[in-house]
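Coordinates from target.cif are shown below (mmCIF, C-alpha atoms).
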data_model
#
loop_
_atom_site.label_atom_id
_atom_site.label_comp_id
_atom_site.auth_asym_id
_atom_site.auth_seq_id
_atom_site.Cartn_x
_atom_site.Cartn_y
_atom_site.Cartn_z
CA MET A 1 24.09 41.33 2.92
CA ALA A 2 26.54 40.11 5.55
CA TYR A 3 26.00 38.05 8.68
CA LEU A 4 28.20 37.87 11.74
CA ILE A 5 27.74 34.44 13.28
CA THR A 6 29.25 34.17 16.73
CA GLN A 7 28.22 30.58 17.40
CA ASP A 8 27.16 27.64 15.28
CA THR A 9 23.65 26.39 15.96
CA LYS A 10 24.72 22.77 15.88
CA ARG A 11 28.15 22.09 17.33
CA ASN A 12 30.21 18.98 17.93
CA ILE A 13 27.96 16.80 15.83
CA LYS A 14 28.67 13.16 16.50
CA VAL A 15 27.15 10.27 14.54
CA LYS A 16 27.27 6.58 15.30
CA LYS A 17 25.84 3.88 13.05
CA THR A 18 25.74 0.27 14.26
CA THR A 19 25.69 -2.79 12.02
CA VAL A 20 23.29 -5.31 13.50
CA THR A 21 23.23 -9.02 12.83
CA GLN A 22 19.85 -9.95 14.22
CA LEU A 23 16.48 -8.56 15.07
CA GLU A 24 16.56 -7.77 18.78
CA GLN A 25 13.70 -8.87 20.98
CA MET A 26 13.05 -6.33 23.70
CA VAL A 27 13.40 -7.72 27.21
CA ASP A 28 10.22 -8.23 29.22
CA HIS A 29 9.54 -5.54 31.83
CA VAL A 30 13.20 -4.69 32.59
CA TYR A 31 14.98 -1.76 30.98
CA THR A 32 17.93 -3.03 28.93
CA ALA A 33 20.34 -1.14 26.65
CA ILE A 34 19.17 -1.07 23.03
CA ASN A 35 21.82 -2.17 20.53
CA GLY A 36 23.00 0.95 18.68
CA GLY A 37 21.52 3.42 21.17
CA THR A 38 24.63 4.16 23.25
CA ILE A 39 27.03 6.98 22.48
CA GLU A 40 29.89 8.61 24.37
CA TYR A 41 29.70 12.38 24.14
CA ALA A 42 31.27 15.56 25.47
CA PRO A 43 29.18 18.70 24.84
CA ALA A 44 30.82 21.66 23.18
CA PRO A 45 32.03 24.33 25.63
CA ASN A 46 29.40 26.87 26.67
CA SER A 47 26.54 24.76 25.33
CA THR A 48 23.07 24.95 26.84
CA TYR A 49 21.59 21.70 25.58
CA VAL A 50 22.53 18.42 23.93
CA TYR A 51 20.31 16.99 21.20
CA TYR A 52 20.06 13.19 21.00
CA GLU A 53 18.32 11.38 18.13
CA PHE A 54 17.94 7.62 17.65
CA ASN A 55 16.68 6.18 14.36
CA SER A 56 15.60 2.59 13.76
CA MET A 57 12.65 0.28 13.05
CA ILE A 58 10.34 -1.28 15.62
CA SER A 59 8.20 -4.32 14.81
CA TYR A 60 5.48 -6.21 16.65
CA GLY A 61 6.12 -9.76 17.75
CA THR A 62 4.31 -13.02 17.51
CA ASP A 63 1.31 -12.03 19.56
CA LEU A 64 -1.01 -9.07 19.69
CA ALA A 65 -1.17 -5.91 21.78
CA SER A 66 2.58 -5.34 21.58
CA TYR A 67 3.78 -2.46 23.71
CA GLY A 68 7.34 -1.13 23.95
CA LYS A 69 8.87 1.53 26.17
CA PHE A 70 12.11 3.46 25.82
CA ARG A 71 14.02 5.80 28.10
CA LEU A 72 17.27 7.73 27.82
CA VAL A 73 19.70 7.66 30.76
CA TYR A 74 23.30 8.78 31.18
CA GLY A 75 26.40 8.33 33.31
CA PRO A 76 30.19 8.40 33.45
CA ASP A 77 30.22 4.84 32.13
CA THR A 78 27.66 2.29 31.06
CA ASN A 79 27.71 0.59 34.47
CA ASN A 80 26.81 3.72 36.42
CA LEU A 81 23.76 5.17 34.76
CA THR A 82 21.20 7.50 36.27
CA SER A 83 17.94 9.04 35.18
CA ILE A 84 18.31 12.44 33.54
CA ALA A 85 15.20 13.75 35.36
CA THR A 86 13.08 12.59 38.27
CA ASP A 87 10.87 9.70 37.17
CA ASP A 88 12.47 10.05 33.70
CA VAL A 89 10.03 12.84 32.86
CA ASN A 90 10.63 13.96 29.25
CA TYR A 91 13.00 11.06 28.65
CA ILE A 92 10.48 8.26 28.04
CA ALA A 93 8.72 7.19 24.83
CA HIS A 94 6.06 4.49 24.39
CA PHE A 95 5.02 2.61 21.25
CA GLY A 96 2.17 0.23 20.49
CA GLY A 97 -1.09 -0.49 22.24
CA THR A 98 -2.28 -2.20 25.37
CA ASN A 99 -5.90 -2.90 24.46
CA THR A 100 -6.50 -6.56 25.21
CA ASN A 101 -9.93 -6.70 23.59
CA THR A 102 -9.71 -9.73 21.35
CA THR A 103 -10.91 -7.88 18.28
CA ARG A 104 -9.00 -4.62 18.63
CA LYS A 105 -5.35 -5.33 19.15
CA GLN A 106 -2.51 -3.40 17.60
CA LYS A 107 0.39 -4.83 15.60
CA ASP A 108 2.48 -1.91 14.40
CA THR A 109 5.71 -1.94 12.44
CA VAL A 110 6.96 1.63 12.06
CA PRO A 111 10.12 3.71 11.78
CA ILE A 112 11.10 5.34 15.04
CA LYS A 113 12.94 8.60 15.52
CA LEU A 114 13.38 9.19 19.24
CA VAL A 115 14.50 12.71 20.07
CA PHE A 116 15.54 14.01 23.50
CA ILE A 117 16.95 17.35 24.64
CA ILE A 118 19.30 17.12 27.62
CA PRO A 119 20.76 20.00 29.65
CA ALA A 120 24.44 20.19 28.77
CA TRP A 121 27.11 18.96 31.17
CA GLN A 122 30.86 19.24 31.44
CA GLY A 123 33.15 16.42 30.43
CA THR A 124 32.25 13.11 28.83
CA LYS A 125 29.19 11.01 29.54
CA TYR A 126 27.59 7.96 28.00
CA LEU A 127 24.07 8.47 26.72
CA VAL A 128 22.29 5.12 26.76
CA LEU A 129 18.91 4.31 25.23
CA GLN A 130 17.18 1.57 27.15
CA GLY A 131 14.08 -0.34 26.18
CA LEU A 132 11.67 -2.92 27.53
CA ASP A 133 8.68 -4.88 26.35
CA ASP A 134 5.71 -4.15 28.59
CA SER A 135 3.18 -6.13 26.57
CA GLU A 136 0.48 -7.99 28.40
CA GLY A 137 0.47 -11.77 28.15
CA ALA A 138 2.60 -13.20 25.38
CA GLY A 139 2.86 -10.00 23.35
CA ASP A 140 6.35 -8.94 22.38
CA TYR A 141 8.23 -6.28 20.45
CA TYR A 142 11.35 -6.25 18.30
CA ILE A 143 13.81 -3.46 17.51
CA ASN A 144 16.29 -2.81 14.67
CA GLY A 145 14.33 -4.44 11.89
CA ILE A 146 11.09 -5.80 10.44
CA ARG A 147 9.52 -9.10 11.39
CA ALA A 148 9.05 -11.44 8.45
CA GLU A 149 5.46 -11.96 9.57
CA ALA A 150 4.68 -8.30 8.88
CA LYS A 151 5.46 -8.84 5.18
CA TYR A 152 3.03 -11.69 4.54
CA PRO A 153 2.55 -12.98 1.91
CA GLU A 154 4.82 -11.41 -0.74
CA GLU A 155 8.07 -10.87 1.20
CA ASP A 156 7.82 -12.97 4.36
CA ASP A 157 10.78 -15.27 3.74
CA ALA A 158 13.04 -13.61 6.34
CA ASP A 159 13.27 -10.80 8.86
CA ASP A 160 14.77 -7.52 7.63
CA LEU A 161 17.49 -5.81 9.64
CA PHE A 162 17.89 -2.09 10.07
CA ASP A 163 21.23 -0.62 11.15
CA PRO A 164 20.30 1.94 13.83
CA PHE A 165 22.07 5.26 14.14
CA VAL A 166 22.42 8.01 16.70
CA ILE A 167 22.99 11.70 16.00
CA VAL A 168 24.12 13.95 18.84
CA TYR A 169 25.06 17.62 18.86
CA SER A 170 25.35 20.60 21.20
CA TYR A 171 23.70 23.99 20.97
CA MET B 1 26.23 36.97 0.79
CA ALA B 2 29.08 36.63 3.27
CA TYR B 3 29.37 34.88 6.62
CA LEU B 4 32.04 35.42 9.24
CA HIS B 5 32.26 32.58 11.73
CA ILE B 6 33.77 33.62 15.03
CA ASN B 7 33.19 30.61 17.20
CA GLY B 8 32.46 27.86 14.74
CA THR B 9 33.64 24.32 15.01
CA THR B 10 34.55 21.89 12.31
CA GLU B 11 31.79 19.35 12.87
CA ARG B 12 28.36 20.32 11.59
CA LEU B 13 25.88 19.67 8.82
CA THR B 14 27.19 21.00 5.54
CA ASN B 15 26.05 21.18 1.95
CA VAL B 16 22.38 20.87 2.80
CA SER B 17 20.23 20.17 -0.27
CA ILE B 18 16.42 20.14 -0.19
CA ASN B 19 13.90 19.41 -2.94
CA GLN B 20 10.24 20.01 -2.22
CA ALA B 21 7.18 19.79 -4.44
CA SER B 22 6.08 23.33 -5.27
CA THR B 23 2.41 22.47 -4.77
CA PRO B 24 0.53 19.66 -3.02
CA ILE B 25 0.69 16.55 -5.19
CA THR B 26 -1.76 13.77 -5.97
CA GLU B 27 -2.02 10.58 -3.99
CA GLN B 28 0.26 7.68 -4.91
CA VAL B 29 -1.30 4.28 -4.25
CA ALA B 30 1.05 1.35 -3.73
CA THR B 31 0.61 -2.07 -5.35
CA THR B 32 2.14 -5.47 -4.63
CA SER B 33 5.06 -4.60 -6.95
CA TRP B 34 7.90 -2.19 -6.21
CA ALA B 35 7.43 1.35 -7.56
CA ASP B 36 9.40 4.58 -7.18
CA VAL B 37 8.09 6.93 -4.49
CA THR B 38 7.19 10.26 -6.02
CA TYR B 39 9.53 13.08 -4.97
CA SER B 40 11.86 10.79 -3.03
CA SER B 41 14.65 11.09 -5.61
CA ILE B 42 17.62 13.41 -5.12
CA THR B 43 21.09 13.68 -6.65
CA TYR B 44 23.69 14.65 -4.12
CA THR B 45 27.42 15.31 -3.94
CA PRO B 46 28.76 15.22 -0.37
CA THR B 47 31.23 17.59 1.16
CA LYS B 48 34.72 16.23 0.60
CA ASP B 49 35.91 13.89 3.37
CA SER B 50 32.61 13.85 5.23
CA GLN B 51 31.84 10.93 7.49
CA TYR B 52 28.22 10.35 6.48
CA VAL B 53 25.40 11.67 4.34
CA LEU B 54 22.03 12.10 5.97
CA TYR B 55 18.96 11.43 3.78
CA GLU B 56 15.44 12.36 4.90
CA PHE B 57 12.15 12.01 3.04
CA HIS B 58 8.98 13.44 4.49
CA THR B 59 5.35 13.10 3.44
CA TYR B 60 1.93 11.86 4.54
CA MET B 61 1.31 8.13 4.39
CA GLY B 62 -1.03 5.40 5.54
CA VAL B 63 -4.45 4.16 4.50
CA PRO B 64 -5.39 5.35 1.00
CA PHE B 65 -8.51 7.30 0.09
CA THR B 66 -10.21 4.50 -1.84
CA ASN B 67 -9.81 1.74 0.73
CA ASP B 68 -9.16 3.02 4.20
CA ASN B 69 -8.30 -0.15 6.05
CA GLU B 70 -5.49 -2.65 6.56
CA CYS B 71 -2.53 -0.40 5.91
CA LYS B 72 1.00 -1.58 5.16
CA GLY B 73 3.75 0.14 3.20
CA TYR B 74 7.16 -1.46 2.68
CA PHE B 75 10.13 0.63 1.50
CA LYS B 76 13.57 0.00 0.11
CA PHE B 77 16.28 2.61 -0.27
CA LEU B 78 18.30 2.63 -3.51
CA TYR B 79 21.27 4.53 -4.87
CA SER B 80 22.88 4.93 -8.27
CA ASP B 81 26.38 6.10 -9.15
CA ASN B 82 25.70 6.24 -12.90
CA SER B 83 22.77 8.64 -13.21
CA GLY B 84 20.14 5.96 -12.73
CA SER B 85 21.39 3.36 -15.22
CA THR B 86 21.78 0.79 -12.44
CA TRP B 87 20.65 0.82 -8.84
CA SER B 88 21.95 -0.78 -5.64
CA GLU B 89 20.25 -1.17 -2.28
CA LEU B 90 21.85 0.16 0.91
CA SER B 91 22.34 -2.79 3.28
CA ASN B 92 20.06 -3.11 6.31
CA SER B 93 17.94 -0.10 5.34
CA ARG B 94 14.43 -1.36 4.60
CA THR B 95 11.63 0.42 6.38
CA PHE B 96 7.94 -0.23 6.91
CA TYR B 97 4.86 1.70 7.97
CA GLY B 98 1.77 -0.28 8.84
CA SER B 99 -0.11 -2.56 11.13
CA ASN B 100 -1.53 -6.06 10.89
CA PHE B 101 -5.27 -6.41 11.18
CA ASN B 102 -7.06 -8.79 13.43
CA ASP B 103 -10.21 -10.59 12.32
CA SER B 104 -12.72 -8.20 10.79
CA ASN B 105 -11.42 -5.05 12.43
CA THR B 106 -9.43 -2.45 10.59
CA MET B 107 -6.35 -0.54 11.64
CA LYS B 108 -6.48 2.86 9.98
CA LEU B 109 -2.89 3.88 10.53
CA ARG B 110 -1.83 7.16 8.87
CA GLY B 111 0.27 10.18 9.63
CA SER B 112 3.02 12.60 8.78
CA VAL B 113 6.14 10.44 8.51
CA THR B 114 9.87 10.94 7.94
CA ILE B 115 12.03 8.15 6.57
CA THR B 116 15.66 8.73 7.54
CA GLN B 117 18.76 6.98 6.25
CA LEU B 118 22.44 7.42 7.08
CA ILE B 119 24.81 6.60 4.25
CA PRO B 120 28.58 6.15 4.75
CA TYR B 121 30.62 8.68 2.78
CA TRP B 122 31.65 7.34 -0.63
CA ASN B 123 33.65 10.11 -2.31
CA ASN B 124 33.18 13.61 -3.63
CA THR B 125 31.04 12.53 -6.60
CA ALA B 126 27.33 12.69 -7.35
CA ARG B 127 25.07 9.87 -6.23
CA GLN B 128 21.34 9.54 -6.83
CA PHE B 129 18.98 8.25 -4.14
CA LYS B 130 15.36 7.16 -4.20
CA LEU B 131 12.79 5.12 -2.28
CA GLN B 132 10.58 2.39 -3.66
CA VAL B 133 7.36 1.21 -2.08
CA MET B 134 5.04 -1.78 -2.22
CA THR B 135 2.14 -3.17 -0.23
CA PHE B 136 0.80 -6.69 0.28
CA THR B 137 -2.14 -8.85 -0.73
CA ASP B 138 -5.25 -7.81 1.23
CA PHE B 139 -3.50 -4.63 2.39
CA HIS B 140 -3.50 -1.07 1.07
CA PHE B 141 -1.17 1.88 1.22
CA GLY B 142 -1.25 5.49 0.06
CA LEU B 143 1.27 8.31 0.01
CA HIS B 144 1.03 12.11 0.04
CA ARG B 145 -2.65 12.20 1.12
CA LEU B 146 -4.37 12.08 4.50
CA SER B 147 -8.05 11.29 4.08
CA ASN B 148 -11.25 9.85 5.50
CA PHE B 149 -11.22 11.62 8.83
CA TYR B 150 -14.33 11.31 10.97
CA GLY B 151 -15.41 13.56 13.80
CA PRO B 152 -18.35 13.58 16.22
CA SER B 153 -20.71 14.53 13.36
CA GLY B 154 -19.32 12.11 10.78
CA ALA B 155 -16.95 12.80 7.92
CA VAL B 156 -14.78 15.88 8.39
CA THR B 157 -14.83 18.48 5.60
CA PRO B 158 -12.48 18.71 3.81
CA ASN B 159 -11.54 15.13 4.54
CA SER B 160 -8.41 15.06 2.41
CA HIS B 161 -5.13 16.88 2.89
CA PHE B 162 -2.39 16.63 0.29
CA ALA B 163 1.32 16.89 1.04
CA ARG B 164 4.17 18.79 -0.50
CA PRO B 165 6.72 16.02 0.09
CA PHE B 166 10.35 16.94 0.45
CA VAL B 167 13.67 15.17 0.35
CA MET B 168 16.80 16.43 2.09
CA CYS B 169 20.46 15.46 2.03
CA ALA B 170 23.30 16.85 4.14
CA SER B 171 26.90 15.92 4.85
CA ILE B 172 28.15 15.21 8.35
#
Would you mind giving the structure from this file in structure tokens?
Amino acid sequence: MAYLITQDTKRNIKVKKTTVTQLEQMVDHVYTAINGGTIEYAPAPNSTYVYYEFNSMISYGTDLASYGKFRLVYGPDTNNLTSIATDDVNYIAHFGGTNTNTTRKQKDTVPIKLVFIIPAWQGTKYLVLQGLDDSEGAGDYYINGIRAEAKYPEEDDADDLFDPFVIVYSY
Amino acid sequence: MAYLHINGTTERLTNVSINQASTPITEQVATTSWADVTYSSITYTPTKDSQYVLYEFHTYMGVPFTNDNECKGYFKFLYSDNSGSTWSELSNSRTFYGSNFNDSNTMKLRGSVTITQLIPYWNNTARQFKLQVMTFTDFHFGLHRLSNFYGPSGAVTPNSHFARPFVMCASI
């Protein structure tokens, strides 16, 4: 059996892995670039979409009801970024819980794999993952590792770091 | 089988290798000591001069069947260049799936989860990978089984689903 393949399904794959040196606390209520979430990319010619994938660990902070938000934006450089769609529809992801009931608060530490599909463009743009901590009260969230507190009591001597990585390709 | 690429480019996933359990497997319950994760092991030789190797392991995980509360699973990612005689840990690669409890309430976290790692290219020789898992005192963790689901009328039947976990490697 023979196949004639006129176009690869995944083209111009680009991978970027970032070595981190500290657990990053997400900034309260203001979108800020996530360390390891930015990549410069030019889609392959005649592409329809660009696939963006961010892999890391997210970990609750010192209080309860931790709640983190992410969005993907792009632009010609990292100082001129715009939303990919109106109100960032399809380019936002939320993690955690907002229930402030004193007996039902959420403290998650989980792997995250954020995936977005972006209509292809011509030329080079920077894709930037931004995040914020929208927790109520003193709740907070951390990215790119595991809080020591989550590992109580056997392994809680130090935070763990996770080197985040981005995979991008055209199709 | 033959392929003719007309408009291919040089950058893409190559040498994809996948191992999957042929049938759903039994639950693995973590303890407070490190143990190998069933079906997470794979031996892989990357495409020559790749940039990275992508490793993905997928299964069910979360609260176990016998104690469905306070769920925490802690993972480390190991590799061996001598067929498993000695193992090293990839730096900054530990992962975790769980949630702290609060007072007497339980957090019954569980789901279908993929653990993904990106390994810098070493050379064109075989390397073995695996995950290890542990949990913590007063916490519980199970793999490969989703169980204890409750609906409007109580326990759902069947209330256990078993996974066919798989592990994948590819060169980039």
Can you list every residue of region 56-168 of chain A that has an atom at most 10 Å from region 71-88 of chain B, with its nearest atom pair and the distance in Å to one decimal, using only C-alpha atoms, ordered by chain then number, as a tab-separated table?
residue	atom	partner	partner_atom	distance
A:Asp108	CA	B:Lys72	CA	9.4
A:Thr109	CA	B:Lys72	CA	8.7
A:Val110	CA	B:Gly73	CA	9.5
A:Ile146	CA	B:Tyr74	CA	9.7
A:Ala150	CA	B:Lys72	CA	8.5
A:Lys151	CA	B:Tyr74	CA	8.0
A:Glu155	CA	B:Tyr74	CA	9.6
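Proximity of B:Cys169, B:Val63, B:Val16, B:Ile25 to Lys108 (chain B), computed with all atoms listed in the file, is greatest for B:Val63.
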Extract, using all atoms listed in the file, all DNA, RNA and protein residues at most 10 Å from region 157-159 of chain B, discarding same-chain residues fewer than 3 positions from it, and format them as a PyMOL selection string.
-> chain B and resi 65+145-151+154
Find the residues near region 26-38 of chain B: any atom within 9 Å, counting only C-alpha atoms, skip ones fewer than 4 places away on the same chain, and give them as JSON, numbers by chain.
-> {"A": [154], "B": [64, 65, 73, 74, 75, 76, 130, 131, 132, 133, 134, 135, 136, 137, 140, 141, 142, 143, 144, 145, 146, 162, 163, 165]}
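For the residues B:Thr47, B:Asn100, B:Thr59, B:Ser17, ranking by smallest atom-to-atom distance to chain A using all atoms listed in the file places B:Asn100 first.
Counting from CA of Ser93 (chain B), the distance to CA of Met61 (chain B) is 18.6 Å.
Selecting by distance to (6.0, -8.5, 17.6) with a limit of 6 Å and using only C-alpha atoms, one obtains Ser59, Tyr60, Gly61, Thr62, Asp140, Tyr141 and Tyr142 of chain A.
In this comparison, which uses all atoms listed in the file, the residue of B:Asn67, B:Ser160, B:Ser112, B:Gln117 approaching Ser91 (chain B) most closely is B:Gln117.
Candidate residues A:Pro76, A:Gly36, A:Pro45, A:Gly96 were compared for distance to Leu109 (chain B), and the nearest is A:Gly96, using all atoms listed in the file.
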For chain A, which residue among B:Ile18, B:Ala155, B:Leu90, B:Val167 is the nearest when counting only C-alpha atoms?
-> B:Leu90
